[in-house]
Structure formats: structure tokens, C-alpha cells
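Undergrad: Take a look at my_file.pdb, PDB, C-alpha atoms and all ligand atoms:
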```
ATOM      1  CA  MET A   5      -0.084  19.395  -4.052  1.00  0.00           C
ATOM      2  CA  VAL A   6      -2.931  17.052  -4.808  1.00  0.00           C
ATOM      3  CA  GLU A   7      -3.231  18.354  -8.398  1.00  0.00           C
ATOM      4  CA  ASP A   8       0.439  17.555  -9.019  1.00  0.00           C
ATOM      5  CA  ARG A   9      -0.019  14.071  -7.616  1.00  0.00           C
ATOM      6  CA  ALA A  10      -3.098  13.495  -9.747  1.00  0.00           C
ATOM      7  CA  ALA A  11      -1.221  14.662 -12.850  1.00  0.00           C
ATOM      8  CA  ALA A  12       1.764  12.449 -12.018  1.00  0.00           C
ATOM      9  CA  LEU A  13      -0.528   9.431 -11.545  1.00  0.00           C
ATOM     10  CA  ALA A  14      -2.327  10.187 -14.812  1.00  0.00           C
ATOM     11  CA  ALA A  15       1.017  10.320 -16.624  1.00  0.00           C
ATOM     12  CA  ILE A  16       1.993   6.925 -15.159  1.00  0.00           C
ATOM     13  CA  ALA A  17      -1.401   5.531 -16.181  1.00  0.00           C
ATOM     14  CA  ASP A  18      -0.851   6.730 -19.771  1.00  0.00           C
ATOM     15  CA  GLU A  19       2.513   4.974 -19.843  1.00  0.00           C
ATOM     16  CA  VAL A  20       0.952   1.794 -18.462  1.00  0.00           C
ATOM     17  CA  ARG A  21      -1.707   1.826 -21.201  1.00  0.00           C
ATOM     18  CA  ALA A  22       0.990   2.063 -23.858  1.00  0.00           C
ATOM     19  CA  CYS A  23       3.294  -0.435 -22.121  1.00  0.00           C
ATOM     20  CA  ARG A  24       4.826  -3.241 -24.191  1.00  0.00           C
ATOM     21  CA  LEU A  25       7.623  -4.143 -21.758  1.00  0.00           C
ATOM     22  CA  CYS A  26       6.341  -7.693 -21.342  1.00  0.00           C
ATOM     23  CA  ARG A  27       3.904 -10.021 -23.117  1.00  0.00           C
ATOM     24  CA  LEU A  28       0.963  -9.405 -20.800  1.00  0.00           C
ATOM     25  CA  TYR A  29      -0.664  -6.659 -22.871  1.00  0.00           C
ATOM     26  CA  GLU A  30      -1.280  -9.174 -25.686  1.00  0.00           C
ATOM     27  CA  GLY A  31      -4.912 -10.178 -25.831  1.00  0.00           C
ATOM     28  CA  THR A  32      -6.072  -7.736 -23.170  1.00  0.00           C
ATOM     29  CA  THR A  33      -8.888  -5.226 -23.574  1.00  0.00           C
ATOM     30  CA  ASN A  34      -7.643  -2.605 -21.135  1.00  0.00           C
ATOM     31  CA  ALA A  35      -4.676  -1.953 -18.936  1.00  0.00           C
ATOM     32  CA  VAL A  36      -5.536  -1.482 -15.264  1.00  0.00           C
ATOM     33  CA  PRO A  37      -3.125   1.125 -13.912  1.00  0.00           C
ATOM     34  CA  GLY A  38      -4.860   1.608 -10.547  1.00  0.00           C
ATOM     35  CA  ALA A  39      -7.443   3.988  -9.134  1.00  0.00           C
ATOM     36  CA  GLY A  40      -8.245   6.071  -6.106  1.00  0.00           C
ATOM     37  CA  SER A  41      -7.202   9.159  -4.222  1.00  0.00           C
ATOM     38  CA  PRO A  42      -3.832  10.700  -5.118  1.00  0.00           C
ATOM     39  CA  ASP A  43      -3.703  11.745  -1.456  1.00  0.00           C
ATOM     40  CA  ALA A  44      -4.560   8.345  -0.008  1.00  0.00           C
ATOM     41  CA  GLN A  45      -3.143   7.466   3.390  1.00  0.00           C
ATOM     42  CA  ILE A  46      -3.794   3.795   2.714  1.00  0.00           C
ATOM     43  CA  MET A  47      -2.780   2.053  -0.489  1.00  0.00           C
ATOM     44  CA  PHE A  48      -3.826  -1.501  -1.356  1.00  0.00           C
ATOM     45  CA  ILE A  49      -1.767  -3.591  -3.715  1.00  0.00           C
ATOM     46  CA  GLY A  50      -3.340  -6.662  -5.287  1.00  0.00           C
ATOM     47  CA  GLU A  51      -1.996  -9.149  -7.769  1.00  0.00           C
ATOM     48  CA  GLY A  52      -3.272  -8.354 -11.240  1.00  0.00           C
ATOM     49  CA  PRO A  53      -6.472  -7.699 -13.172  1.00  0.00           C
ATOM     50  CA  VAL A  54      -8.867 -10.523 -13.967  1.00  0.00           C
ATOM     51  CA  PHE A  55     -11.896 -10.607 -16.278  1.00  0.00           C
ATOM     52  CA  HIS A  56     -13.988  -7.640 -15.152  1.00  0.00           C
ATOM     53  CA  GLU A  57     -10.990  -5.451 -14.402  1.00  0.00           C
ATOM     54  CA  ASP A  58      -9.692  -6.054 -17.929  1.00  0.00           C
ATOM     55  CA  ARG A  59     -13.092  -5.133 -19.344  1.00  0.00           C
ATOM     56  CA  LEU A  60     -13.393  -1.896 -17.377  1.00  0.00           C
ATOM     57  CA  GLY A  61      -9.767  -0.861 -16.929  1.00  0.00           C
ATOM     58  CA  LEU A  62     -10.344  -0.532 -13.173  1.00  0.00           C
ATOM     59  CA  PRO A  63      -8.945  -2.559 -10.261  1.00  0.00           C
ATOM     60  CA  PHE A  64     -11.075  -4.868  -8.110  1.00  0.00           C
ATOM     61  CA  VAL A  65     -14.438  -4.480  -9.805  1.00  0.00           C
ATOM     62  CA  GLY A  66     -15.440  -8.155  -9.954  1.00  0.00           C
ATOM     63  CA  ARG A  67     -16.355 -10.483  -7.073  1.00  0.00           C
ATOM     64  CA  SER A  68     -13.089  -9.792  -5.232  1.00  0.00           C
ATOM     65  CA  GLY A  69     -13.841  -6.112  -5.634  1.00  0.00           C
ATOM     66  CA  ASP A  70     -17.300  -6.506  -4.138  1.00  0.00           C
ATOM     67  CA  TYR A  71     -15.732  -8.186  -1.130  1.00  0.00           C
ATOM     68  CA  LEU A  72     -13.052  -5.494  -0.880  1.00  0.00           C
ATOM     69  CA  ASN A  73     -15.827  -2.869  -0.912  1.00  0.00           C
ATOM     70  CA  TYR A  74     -17.571  -4.767   1.874  1.00  0.00           C
ATOM     71  CA  LEU A  75     -14.350  -4.802   3.924  1.00  0.00           C
ATOM     72  CA  LEU A  76     -13.739  -1.099   3.378  1.00  0.00           C
ATOM     73  CA  ASN A  77     -17.294  -0.369   4.384  1.00  0.00           C
ATOM     74  CA  LEU A  78     -16.789  -2.416   7.548  1.00  0.00           C
ATOM     75  CA  ILE A  79     -14.221   0.145   8.711  1.00  0.00           C
ATOM     76  CA  GLY A  80     -16.028   3.194   7.372  1.00  0.00           C
ATOM     77  CA  LEU A  81     -13.819   3.798   4.355  1.00  0.00           C
ATOM     78  CA  LYS A  82     -14.840   4.460   0.779  1.00  0.00           C
ATOM     79  CA  ARG A  83     -12.848   3.413  -2.239  1.00  0.00           C
ATOM     80  CA  GLU A  84     -12.354   7.066  -3.190  1.00  0.00           C
ATOM     81  CA  GLN A  85     -10.378   7.573   0.029  1.00  0.00           C
ATOM     82  CA  VAL A  86      -7.785   4.882  -0.683  1.00  0.00           C
ATOM     83  CA  PHE A  87      -5.668   3.979  -3.690  1.00  0.00           C
ATOM     84  CA  ILE A  88      -5.868   0.502  -5.209  1.00  0.00           C
ATOM     85  CA  ALA A  89      -3.195  -0.849  -7.529  1.00  0.00           C
ATOM     86  CA  ASN A  90      -1.800  -4.175  -8.630  1.00  0.00           C
ATOM     87  CA  VAL A  91       1.606  -5.756  -9.025  1.00  0.00           C
ATOM     88  CA  VAL A  92       0.941  -6.272 -12.754  1.00  0.00           C
ATOM     89  CA  LYS A  93      -1.213  -3.905 -14.746  1.00  0.00           C
ATOM     90  CA  HIS A  94      -2.427  -6.158 -17.570  1.00  0.00           C
ATOM     91  CA  ARG A  95      -4.472  -9.299 -17.095  1.00  0.00           C
ATOM     92  CA  PRO A  96      -2.434 -12.511 -17.244  1.00  0.00           C
ATOM     93  CA  PRO A  97      -4.043 -14.973 -19.684  1.00  0.00           C
ATOM     94  CA  ASP A  98      -6.567 -17.342 -18.063  1.00  0.00           C
ATOM     95  CA  ASN A  99      -5.914 -15.533 -14.767  1.00  0.00           C
ATOM     96  CA  ARG A 100      -2.653 -17.410 -14.329  1.00  0.00           C
ATOM     97  CA  ASP A 101      -0.135 -16.164 -11.776  1.00  0.00           C
ATOM     98  CA  PRO A 102       2.067 -13.340 -13.008  1.00  0.00           C
ATOM     99  CA  LEU A 103       5.583 -14.516 -13.897  1.00  0.00           C
ATOM    100  CA  PRO A 104       8.700 -13.073 -12.241  1.00  0.00           C
ATOM    101  CA  ASP A 105       9.795 -11.204 -15.399  1.00  0.00           C
ATOM    102  CA  GLU A 106       6.305  -9.687 -15.755  1.00  0.00           C
ATOM    103  CA  ILE A 107       6.327  -8.497 -12.140  1.00  0.00           C
ATOM    104  CA  LEU A 108       9.791  -7.047 -12.687  1.00  0.00           C
ATOM    105  CA  ALA A 109       8.790  -5.273 -15.905  1.00  0.00           C
ATOM    106  CA  CYS A 110       5.808  -3.696 -14.151  1.00  0.00           C
ATOM    107  CA  LYS A 111       7.674  -2.831 -10.942  1.00  0.00           C
ATOM    108  CA  PRO A 112       8.787   0.701 -11.919  1.00  0.00           C
ATOM    109  CA  TYR A 113       5.161   1.735 -12.473  1.00  0.00           C
ATOM    110  CA  LEU A 114       4.133   0.549  -9.031  1.00  0.00           C
ATOM    111  CA  ASP A 115       7.253   2.035  -7.427  1.00  0.00           C
ATOM    112  CA  ARG A 116       6.440   5.382  -9.006  1.00  0.00           C
ATOM    113  CA  GLN A 117       2.787   5.243  -7.926  1.00  0.00           C
ATOM    114  CA  ILE A 118       3.919   4.592  -4.350  1.00  0.00           C
ATOM    115  CA  ALA A 119       6.448   7.433  -4.530  1.00  0.00           C
ATOM    116  CA  VAL A 120       3.779   9.874  -5.778  1.00  0.00           C
ATOM    117  CA  ILE A 121       1.092   8.882  -3.269  1.00  0.00           C
ATOM    118  CA  ASN A 122       3.511   8.337  -0.373  1.00  0.00           C
ATOM    119  CA  PRO A 123       0.889   6.422   1.660  1.00  0.00           C
ATOM    120  CA  LEU A 124       1.239   5.892   5.398  1.00  0.00           C
ATOM    121  CA  VAL A 125       0.091   2.289   5.101  1.00  0.00           C
ATOM    122  CA  ILE A 126       0.655  -0.149   2.258  1.00  0.00           C
ATOM    123  CA  ALA A 127      -1.724  -3.074   2.648  1.00  0.00           C
ATOM    124  CA  THR A 128      -0.765  -6.011   0.477  1.00  0.00           C
ATOM    125  CA  LEU A 129      -3.505  -8.276  -0.830  1.00  0.00           C
ATOM    126  CA  GLY A 130      -2.145 -11.758  -1.433  1.00  0.00           C
ATOM    127  CA  ARG A 131       1.282 -13.247  -1.796  1.00  0.00           C
ATOM    128  CA  PHE A 132       2.610 -11.411  -4.873  1.00  0.00           C
ATOM    129  CA  SER A 133       2.429  -7.945  -3.367  1.00  0.00           C
ATOM    130  CA  MET A 134       3.368  -9.340   0.061  1.00  0.00           C
ATOM    131  CA  ALA A 135       6.600 -10.689  -1.459  1.00  0.00           C
ATOM    132  CA  ARG A 136       7.753  -7.125  -2.208  1.00  0.00           C
ATOM    133  CA  TYR A 137       7.994  -6.367   1.517  1.00  0.00           C
ATOM    134  CA  PHE A 138       8.102  -9.771   3.194  1.00  0.00           C
ATOM    135  CA  PRO A 139      10.212 -11.854   0.821  1.00  0.00           C
ATOM    136  CA  ASN A 140      10.239 -14.928   3.068  1.00  0.00           C
ATOM    137  CA  GLY A 141       6.845 -14.370   4.651  1.00  0.00           C
ATOM    138  CA  LYS A 142       4.105 -16.971   4.622  1.00  0.00           C
ATOM    139  CA  ILE A 143       0.732 -15.254   4.413  1.00  0.00           C
ATOM    140  CA  THR A 144      -0.952 -17.720   6.778  1.00  0.00           C
ATOM    141  CA  GLN A 145       1.654 -16.861   9.430  1.00  0.00           C
ATOM    142  CA  ILE A 146       2.149 -13.138   8.989  1.00  0.00           C
ATOM    143  CA  HIS A 147      -1.238 -11.765   7.877  1.00  0.00           C
ATOM    144  CA  GLY A 148      -2.369  -8.875  10.027  1.00  0.00           C
ATOM    145  CA  GLN A 149       1.119  -8.211  11.439  1.00  0.00           C
ATOM    146  CA  PRO A 150       2.328  -4.773  10.371  1.00  0.00           C
ATOM    147  CA  LYS A 151       5.968  -3.984   9.725  1.00  0.00           C
ATOM    148  CA  PHE A 152       6.845  -0.381  10.577  1.00  0.00           C
ATOM    149  CA  GLU A 153       9.651   0.905   8.427  1.00  0.00           C
ATOM    150  CA  ASP A 154      10.708   4.266   6.997  1.00  0.00           C
ATOM    151  CA  GLY A 155       7.765   6.101   8.541  1.00  0.00           C
ATOM    152  CA  ARG A 156       5.225   3.744   7.000  1.00  0.00           C
ATOM    153  CA  ALA A 157       3.491   0.469   7.821  1.00  0.00           C
ATOM    154  CA  TYR A 158       3.456  -2.528   5.517  1.00  0.00           C
ATOM    155  CA  TYR A 159       0.415  -4.603   6.357  1.00  0.00           C
ATOM    156  CA  PRO A 160       0.024  -8.076   4.842  1.00  0.00           C
ATOM    157  CA  LEU A 161      -3.537  -9.236   4.169  1.00  0.00           C
ATOM    158  CA  PHE A 162      -5.035 -12.256   2.470  1.00  0.00           C
ATOM    159  CA  HIS A 163      -6.158 -11.789  -1.105  1.00  0.00           C
ATOM    160  CA  PRO A 164      -9.952 -11.221  -1.200  1.00  0.00           C
ATOM    161  CA  ALA A 165     -10.285 -13.970  -3.845  1.00  0.00           C
ATOM    162  CA  ALA A 166      -8.540 -16.435  -1.504  1.00  0.00           C
ATOM    163  CA  VAL A 167     -11.043 -15.592   1.230  1.00  0.00           C
ATOM    164  CA  LEU A 168     -13.963 -16.058  -1.166  1.00  0.00           C
ATOM    165  CA  ARG A 169     -12.553 -19.471  -2.108  1.00  0.00           C
ATOM    166  CA  ASN A 170     -11.899 -20.431   1.501  1.00  0.00           C
ATOM    167  CA  PRO A 171     -14.492 -19.074   3.941  1.00  0.00           C
ATOM    168  CA  ASP A 172     -12.352 -20.288   6.863  1.00  0.00           C
ATOM    169  CA  LEU A 173     -10.146 -17.253   6.196  1.00  0.00           C
ATOM    170  CA  ARG A 174     -13.025 -14.827   6.439  1.00  0.00           C
ATOM    171  CA  ARG A 175     -12.891 -14.143  10.148  1.00  0.00           C
ATOM    172  CA  GLY A 176      -9.133 -13.529  10.122  1.00  0.00           C
ATOM    173  CA  MET A 177      -9.461 -11.221   7.118  1.00  0.00           C
ATOM    174  CA  GLU A 178     -12.165  -9.162   8.754  1.00  0.00           C
ATOM    175  CA  GLU A 179     -10.247  -8.915  12.032  1.00  0.00           C
ATOM    176  CA  ASP A 180      -7.122  -7.830  10.151  1.00  0.00           C
ATOM    177  CA  PHE A 181      -9.175  -5.237   8.308  1.00  0.00           C
ATOM    178  CA  LYS A 182     -10.617  -3.874  11.514  1.00  0.00           C
ATOM    179  CA  ARG A 183      -7.046  -3.283  12.767  1.00  0.00           C
ATOM    180  CA  LEU A 184      -6.097  -1.309   9.667  1.00  0.00           C
ATOM    181  CA  LEU A 185      -7.151   2.045  11.125  1.00  0.00           C
ATOM    182  CA  GLU A 186      -5.208   1.330  14.328  1.00  0.00           C
ATOM    183  CA  VAL A 187      -2.129   0.647  12.236  1.00  0.00           C
ATOM    184  CA  LEU A 188      -2.682   3.923  10.400  1.00  0.00           C
ATOM    185  CA  GLU A 189      -2.992   5.744  13.720  1.00  0.00           C
ATOM    186  CA  GLN A 190       0.235   4.162  14.961  1.00  0.00           C
ATOM    187  CA  VAL A 191       2.104   5.425  11.892  1.00  0.00           C
ATOM    188  CA  LYS A 192       0.707   8.925  12.415  1.00  0.00           C
ATOM    189  CA  GLN A 193       1.825   8.882  16.035  1.00  0.00           C
ATOM    190  CA  GLN A 194       5.277   7.644  15.106  1.00  0.00           C
ATOM    191  CA  ARG A 195       5.637  10.391  12.518  1.00  0.00           C
ATOM    192  CA  ALA A 196       4.415  13.043  14.955  1.00  0.00           C
ATOM    193  CA  ALA A 197       6.881  11.847  17.595  1.00  0.00           C
ATOM    194  CA  GLN A 198       9.694  12.048  15.067  1.00  0.00           C
ATOM    195  CA  THR A 199       8.891  15.587  13.996  1.00  0.00           C
ATOM    196  CA  LYS A 200       8.378  16.853  17.549  1.00  0.00           C
ATOM    197  CA  PRO A 201      11.422  18.902  18.522  1.00  0.00           C
ATOM    198  CA  ASP A 202      13.352  17.327  21.354  1.00  0.00           C
ATOM    199  CA  ALA A 203      13.064  18.828  24.791  1.00  0.00           C
ATOM    200  CA  ALA A 204      13.284  22.606  24.530  1.00  0.00           C
ATOM    201  CA  PRO A 205      16.907  23.702  24.380  1.00  0.00           C
ATOM    202  CA  ALA A 206      18.201  24.801  27.728  1.00  0.00           C
ATOM    203  CA  GLU A 207      18.260  28.539  28.308  1.00  0.00           C
ATOM    204  CA  PRO A 208      21.742  29.810  27.641  1.00  0.00           C
ATOM    205  CA  LYS A 209      23.418  30.425  30.943  1.00  0.00           C
ATOM    206  CA  PRO A 210      24.276  34.034  31.704  1.00  0.00           C
ATOM    207  CA  PRO A 211      27.981  34.510  31.442  1.00  0.00           C
ATOM    208  CA  GLU A 212      29.541  33.934  34.783  1.00  0.00           C
ATOM    209  CA  LYS A 213      30.661  37.047  36.567  1.00  0.00           C
ATOM    210  CA  PRO A 214      34.388  37.243  36.185  1.00  0.00           C
ATOM    211  CA  THR A 215      35.670  36.505  39.602  1.00  0.00           C
ATOM    212  CA  GLN A 216      38.049  38.998  40.877  1.00  0.00           C
ATOM    213  CA  LEU A 217      41.316  37.283  41.097  1.00  0.00           C
ATOM    214  CA  ARG A 218      42.652  37.607  44.503  1.00  0.00           C
ATOM    215  CA  LEU A 219      46.024  38.999  44.294  1.00  0.00           C
ATOM    216  CA  PHE A 220      46.842  38.329  47.896  1.00  0.00           C
TER     217      PHE A 220
HETATM  218  N1  LIG B   1      -7.546  -9.408  -8.192  1.00  0.00           N
HETATM  219  C1  LIG B   1      -6.453  -8.626  -8.128  1.00  0.00           C
HETATM  220  O1  LIG B   1      -5.452  -9.000  -7.590  1.00  0.00           O
HETATM  221  N2  LIG B   1      -6.541  -7.419  -8.628  1.00  0.00           N
HETATM  222  C2  LIG B   1      -7.618  -6.962  -9.179  1.00  0.00           C
HETATM  223  O2  LIG B   1      -7.592  -5.824  -9.625  1.00  0.00           O
HETATM  224  C3  LIG B   1      -8.750  -7.784  -9.225  1.00  0.00           C
HETATM  225  C4  LIG B   1      -8.697  -9.011  -8.720  1.00  0.00           C
END
```
What would you get if you wrote out this structure as C-alpha cells?
Ligand code: URA
TA:
Amino acid sequence: MVEDRAAALAAIADEVRACRLCRLYEGTTNAVPGAGSPDAQIMFIGEGPVFHEDRLGLPFVGRSGDYLNYLLNLIGLKREQVFIANVVKHRPPDNRDPLPDEILACKPYLDRQIAVINPLVIATLGRFSMARYFPNGKITQIHGQPKFEDGRAYYPLFHPAAVLRNPDLRRGMEEDFKRLLEVLEQVKQQRAAQTKPDAAPAEPKPPEKPTQLRLF
């Protein structure tokens, strides 16, 4: 039920706010557990909070967030319909890349969020979340190519900040975004095909009339 999912996500968020499993909480203003619909069919996973996210405790609320809103709007989605999380939940100092041990320490929170929401599509934003599902993938080669696995699609996208830094990526990003709903539809169709009972079982044959054994 959606209330149970919301409560489970709130409990994870409380744990994230109290988390001291790695050094990242030091010097931060707020943890950024993630936000959105507990029932989301599409979940976005970014890298980690930066300045404005740390100030507000919400994901993607700065310039990258404005661009993400623009992209969502392009395909008729609102933020409230999706769930947005990050690989690390506290802002790395000076917006440096998260370190492997920090990603590992934060992993159970993200794993649990995914398990609660059970989205049909996980869209990764940038290389750190991409690496969870495409360990050897190069974003420039695999962006926009979904991987269908376990009744879900993993969909690698550029990080919005990378696109803002490099406008050459903009067209690709927007095309990839426009395919997101098709990918979602494909997952729904795959799931429906899997749950459809196979061809109706054959009618049981009436027992054959015992043939009179000829005695002669
Ligand atoms: N960049 C991210 O990866 N995540 C945010 O929440 C904001 C910017």
C-alpha cells in the first residue's frame, strides 16, 4: 500500500539524517535522502547533493534541478510523479566526487529505497549511479540504451550538470529523455506478457470408451 511505502521511505530518511557511517555528514547542513512519489514508476538516481540541495535537504533543487524539471516537463511528467534519489545522501565537500567507501556506506539506503518503491524504470543520471548497473559502461557510448532485467529497465542518462557544462550533449539528453516513456511502456508490456497465463489449458479429453475386447 502507498501509505506503507511512504512510511518505509520516511523511516529510511530518518536513518539517513542520523547517519554517521562515513565522513560525509561532517560540515553539511542537511542530509538529502531523496524525494518524490512512493509509488513512482520511474526513479532517477543522481550522484550526490551540492550546495542548494544541502541547504534545503532536497535533491536536484539547484541549476541541475531546474534542468531536470525542464526535461521532465518535456515529457509531461511532474516531479511528484517520480522519485529522485542520489548515490550519496550528504554533500561531498567542495562538490568533489564521492569516494568508493562513501558510496558503499550509503548503498544500503539506496538499495532499500529501490526495494520499497520497486520502480519499473531506474534512470541513472551520470556515471556514479550508472556504475551500479553498467560497471564497465562508458556514458558517452551507452546513454539512452536501456537494459531490461528482472522486470525492470535500467536507463543510463547523462548527468544534468554535465549537459549544462557541455551544451553539445543537450540534444542527446533530450532525445534520451523523450524515449523514457517508451522504455516504461516496454517494461509494462513485458510484465503483462509474463503474467498472462499461457494458452488456455486443453480441455480434458473424455475418457475413451472401453473397447470391447474381441474374444474371437
Ligand atoms: N546533482 C546530483 O547528482 N544530485 C543532486 O541532488 C543535485 C545535483
Undergrad: Please determine an axis-aligned box that encloses all atoms of ligand LIG 1 (chain B) listed in the file, with 4 Å added on each side, and express its centre and edge lengths in Å to one decimal as JSON.
TA:
```
{"center_x": -7.1, "center_y": -7.6, "center_z": -8.6, "size_x": 11.3, "size_y": 11.6, "size_z": 10.0}
```
Undergrad: Find the residues near ligand LIG 1 (chain B). Use a cut-off of 10 Å, count all atoms listed in the file, and write them as number ranges by chain.
TA: A: 36-39, 48-58, 61-69, 72, 88-95, 99, 101, 128-133, 163-166
Undergrad: Kindly resolve the PyMOL selection byres (((chain A and resi 28) around 12) and not hetatm) on the present coordinates and return the residues as a PDB file with C-alpha atoms, in the coordinates of the input.
TA:
```pdb
ATOM      1  CA  VAL A  20       0.952   1.794 -18.462  1.00  0.00           C
ATOM      2  CA  ARG A  21      -1.707   1.826 -21.201  1.00  0.00           C
ATOM      3  CA  ALA A  22       0.990   2.063 -23.858  1.00  0.00           C
ATOM      4  CA  CYS A  23       3.294  -0.435 -22.121  1.00  0.00           C
ATOM      5  CA  ARG A  24       4.826  -3.241 -24.191  1.00  0.00           C
ATOM      6  CA  LEU A  25       7.623  -4.143 -21.758  1.00  0.00           C
ATOM      7  CA  CYS A  26       6.341  -7.693 -21.342  1.00  0.00           C
ATOM      8  CA  ARG A  27       3.904 -10.021 -23.117  1.00  0.00           C
ATOM      9  CA  TYR A  29      -0.664  -6.659 -22.871  1.00  0.00           C
ATOM     10  CA  GLU A  30      -1.280  -9.174 -25.686  1.00  0.00           C
ATOM     11  CA  GLY A  31      -4.912 -10.178 -25.831  1.00  0.00           C
ATOM     12  CA  THR A  32      -6.072  -7.736 -23.170  1.00  0.00           C
ATOM     13  CA  THR A  33      -8.888  -5.226 -23.574  1.00  0.00           C
ATOM     14  CA  ASN A  34      -7.643  -2.605 -21.135  1.00  0.00           C
ATOM     15  CA  ALA A  35      -4.676  -1.953 -18.936  1.00  0.00           C
ATOM     16  CA  VAL A  36      -5.536  -1.482 -15.264  1.00  0.00           C
ATOM     17  CA  GLY A  52      -3.272  -8.354 -11.240  1.00  0.00           C
ATOM     18  CA  PRO A  53      -6.472  -7.699 -13.172  1.00  0.00           C
ATOM     19  CA  ASP A  58      -9.692  -6.054 -17.929  1.00  0.00           C
ATOM     20  CA  VAL A  92       0.941  -6.272 -12.754  1.00  0.00           C
ATOM     21  CA  LYS A  93      -1.213  -3.905 -14.746  1.00  0.00           C
ATOM     22  CA  HIS A  94      -2.427  -6.158 -17.570  1.00  0.00           C
ATOM     23  CA  ARG A  95      -4.472  -9.299 -17.095  1.00  0.00           C
ATOM     24  CA  PRO A  96      -2.434 -12.511 -17.244  1.00  0.00           C
ATOM     25  CA  PRO A  97      -4.043 -14.973 -19.684  1.00  0.00           C
ATOM     26  CA  ASP A  98      -6.567 -17.342 -18.063  1.00  0.00           C
ATOM     27  CA  ASN A  99      -5.914 -15.533 -14.767  1.00  0.00           C
ATOM     28  CA  ARG A 100      -2.653 -17.410 -14.329  1.00  0.00           C
ATOM     29  CA  ASP A 101      -0.135 -16.164 -11.776  1.00  0.00           C
ATOM     30  CA  PRO A 102       2.067 -13.340 -13.008  1.00  0.00           C
ATOM     31  CA  LEU A 103       5.583 -14.516 -13.897  1.00  0.00           C
ATOM     32  CA  ASP A 105       9.795 -11.204 -15.399  1.00  0.00           C
ATOM     33  CA  GLU A 106       6.305  -9.687 -15.755  1.00  0.00           C
ATOM     34  CA  ILE A 107       6.327  -8.497 -12.140  1.00  0.00           C
ATOM     35  CA  ALA A 109       8.790  -5.273 -15.905  1.00  0.00           C
ATOM     36  CA  CYS A 110       5.808  -3.696 -14.151  1.00  0.00           C
TER      37      CYS A 110
END
```
Undergrad: The PyMOL selection byres (((chain A and resi 10) around 10) and not hetatm) - which residues does that actually catch in the file I just gave you? List them as a ChimeraX atom specification.
TA: /A:5-9,11-16,40-43,120-121
Undergrad: Quick one: distance from atom CA of A:Leu188 to atom CA of A:Gln45 in Å, one decimal?
TA: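 Atom CA of A:Leu188 sits 7.9 Å away from atom CA of A:Gln45.
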Undergrad: Can you translate the PyMOL selection byres (((chain A and resi 142-146) around 12) and not hetatm) into the concrete residues it hits in this file, as number ranges by chain?
TA: A: 128-135, 137-141, 147-151, 158-163, 166-167, 172-173, 176-177, 180
Undergrad: Using only C-alpha atoms, pick whichever of A:Ile118, A:Lys192, A:Arg156, A:Asn77 has the shortest atom-to-atom distance to A:Glu178.
TA: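 The closest residue to A:Glu178 is A:Asn77.
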Undergrad: Quick check, in Å to one decimal: how far apart do atom CA of A:Ala157 and atom CA of A:Ile126 lie?
TA: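 Pair atom CA of A:Ala157 / atom CA of A:Ile126 returns 6.3 Å.
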Undergrad: Using all atoms listed in the file, which of the listed residues (A:Ala127, A:Tyr71, A:Ala119, A:Gly155) sits closest to A:Gln190?
TA: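 When distances to A:Gln190 are compared using all atoms listed in the file, the smallest one comes from A:Gly155.
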Undergrad: One decimal, in Å: what's the spacing between atom CA of A:Arg175 and atom CA of A:Met47?
TA: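 These two atoms are separated by 21.9 Å.
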